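A short write-up of the structure that comes next.
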Amino acid sequence: MKVVVCIKQVPDTKGGVKFNPDGTLDRGAMLAIMNPDDKAGLEAALRLKDQYGAEVTVLTMGLPKAEDVLREAMAMGADKAVLVTDRVLGGADTWATSTTLSGALRNMDYDLIITGRQAIDGDTAQVGPQIAEHLGIPVISYAEELKVDGNKVIVKRQYEDRYHMIEAKMPCLITALAELNDPRYMTPGGIFDAYDAEITVWGRNDLKDIDDSNLGLNGSPTKIAKASDKVRKGAGEKVVPDSPDEGVSYIMDKLLTKHII
Amino acid sequence: MDFALTKKHEMARALFKEFAETEAAPLAQEVDETEKFPSETVAKLEKYGFMGIPIPKEYGGQGCDTLTYAMCVEELSKVCATTGVIVSAHTSLCCDPILTYGTEEQKQKYLIPLAKGDKLGAFGLTEPGAGTDAQGQQTKAVLVGDEWVLNGSKCFITNGKEADIYIVIAVTGKVEKRGRVQKEISAFIVEKGTPGFTFGVKEKKMGIRGSSTYELIFTDCHIPKENLLGQKGKGFGIAMHTLDGGRIGIASQALGIAEGALEKTVAYVKERKQFGRSIAKFQNTQFQLADMATKVEAAKMLVYKAAVAKNTQKSYSVEAAQAKLFAAEVAMEVTTKCVQLHGGYGYIREYDVERMMRDAKITEIYEGTSEVQRMVISGNVLK
């Protein structure tokens, strides 16, 4: 059984957010971590490795420094890693990203593809299902539980007020929720091995059956008009009323003056 | 000369930090208060390979270097010095001598389960009358047929009752050296559960209170002949060499305690307000923090240098002694100042620096007191 896990290096929310002049994220300038939903997807794959001896490959598209999350994945137990990196792929939205990743996946053997539900930087939840569409395979999103039975997967899919039990034949794609599991830690020896291991690096020319018009910033239908970091608000006005009634009438006055009520 | 960590060391540090903050930190206060050995954390340390970091993979370890191991003890000790010393005593004092002096059979039988974390290790050198004067050993081992028979006791043994495998130093006879009759000392591997091997009382300590510190008692304890570690009569050298490595572990623990206390204090002085402004705004606070940060950084350089020396040099006694001496004294000084900067709250158990100050003290004492480290260092200076 071969499992490919698509992972993304995302800005660490503990660090500051920095933007390029074109409104896209300046990923090179930010602290980065493995996207939490993707990490749960990787853990699910590693459990399939523990249980059935599955071969786990991790795949990412990003800057050369995205290599760090691939090494992290290998230090957790992934067997192989593929980095897709090329200047022409920069600034990709979900469409261009899923096109790129499916171009890479067409070169790979897989029974199961696992992606995270969504990345904490974009929060779109589109890339996983789009990859499945590009490759013409079934997709089960929002996986909360995952079982493999012969050549089928059985997935408990989370909905807002219910869950679905869905069975699909492999090959198929699953998008994982962070709730799927508690990802394991790396091991110290795993880290040392990961830095000795070779990572396969692919550029534009290694991608199969894709058109340049669907790649990078130019191939992205999403156009960002403006992006900005959250703006800190001032301390505001502090009023100490003499009585609760006075406080209430002060607030009511303010709300009326500002036409809020 | 390059002071930057490699990427793999950086990633290893990030791993240890995440583990320490997630697994060890939430229990640190309880472990101290209840004096309970943190078995759950140790089980996780074992699961993720933290108990065999510098041991080669062929012997069940992680195949990393001493620097990686030192950073592990450091990060654990930042949040819980008890957890730090469990790893240090196990790795430096039990795994390392078996790796260095053990026969292939001993490595297969004892080192592999130790490095995999299936078994916990300890080391027994200190006796009631033989601390710094390690030559004053009273515990005896006599060869009777195919077995060594041990009689005597060891005190203040870290991982005491929790361990499964013990390195025990004992007197095996007398030898004449330069015209003087001296004790012949040898090292042994003893398994828990061996008849005649029992435990005395649990020590009640000032700090590292969750660590299991016991007296080991040997009463006609028979162990197989093949459990002699290294050559007969070479036990003193084995013990001293083992302690050289152990000092890197304790220096890392001391460094971690100092860093942990400093981190807590930096956060505290930014929050604590007196006279209408945070105490971080006072020059006294700023200068104290500056001095502490500088000393901690200096300690780190010595500790890392000693750790690297263990992998690159034949002898690293002086580097280990300097690292331990300096880091331990920095830990004591920094934690004391951190308590002071916390004011009355620093004296209250609810605040971590109170525990850290108590934990720091032992680093100036065990695995060679600061005075012993000065003897080692001055001996080298004057040679």
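Letters for chains follow the order of the structure tokens (A, B, ...), residue numbers begin at 1 for each chain, and ligand numbers begin at 1 in the order shown.
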Which chain B residues are at most 7 Å from chain A (counting only C-alpha atoms), as a PDB file with C-alpha atoms, in the first residue's frame?
```
ATOM      1  CA  LYS B   8      19.428  18.876  12.584  1.00  0.00           C
ATOM      2  CA  ALA B  12      16.223  18.250  17.732  1.00  0.00           C
ATOM      3  CA  LEU B  15      11.534  18.575  19.440  1.00  0.00           C
ATOM      4  CA  TYR B  48      10.304   8.500  21.560  1.00  0.00           C
ATOM      5  CA  GLY B  49      13.879   7.338  21.993  1.00  0.00           C
ATOM      6  CA  ILE B  53      20.086   9.517  22.316  1.00  0.00           C
ATOM      7  CA  GLN B  62      19.212   6.860  18.398  1.00  0.00           C
ATOM      8  CA  GLY B  63      22.697   7.240  16.935  1.00  0.00           C
ATOM      9  CA  CYS B  64      22.915  10.944  17.745  1.00  0.00           C
TER      10      CYS B  64
END
```
Go through range 62-271 of chain B and collect every residue that DSSP, computed from the backbone, puts in strand (DSSP E or B); the answer should be as a count of residues only. 66
Just the residues within 10 Å of Lys223 in chain A, please, counting only C-alpha atoms, with nothing from its chain fewer than 3 positions along; format it as a ChimeraX atom specification. /A:22-24,93,217-218,220,226
Have a look at B:Lys225, B:Arg349, B:Arg13, B:Arg209 and name the one nearest to Val73 in chain B; count only C-alpha atoms. B:Arg13
Would you kindly return, as a PyMOL selection string, each protein, DNA or RNA residue with an atom no farther than 10 Å from any atom of Asp86 in chain A, considering only C-alpha atoms and excluding same-chain residues fewer than 6 positions away? chain A and resi 61-64+201-205+216
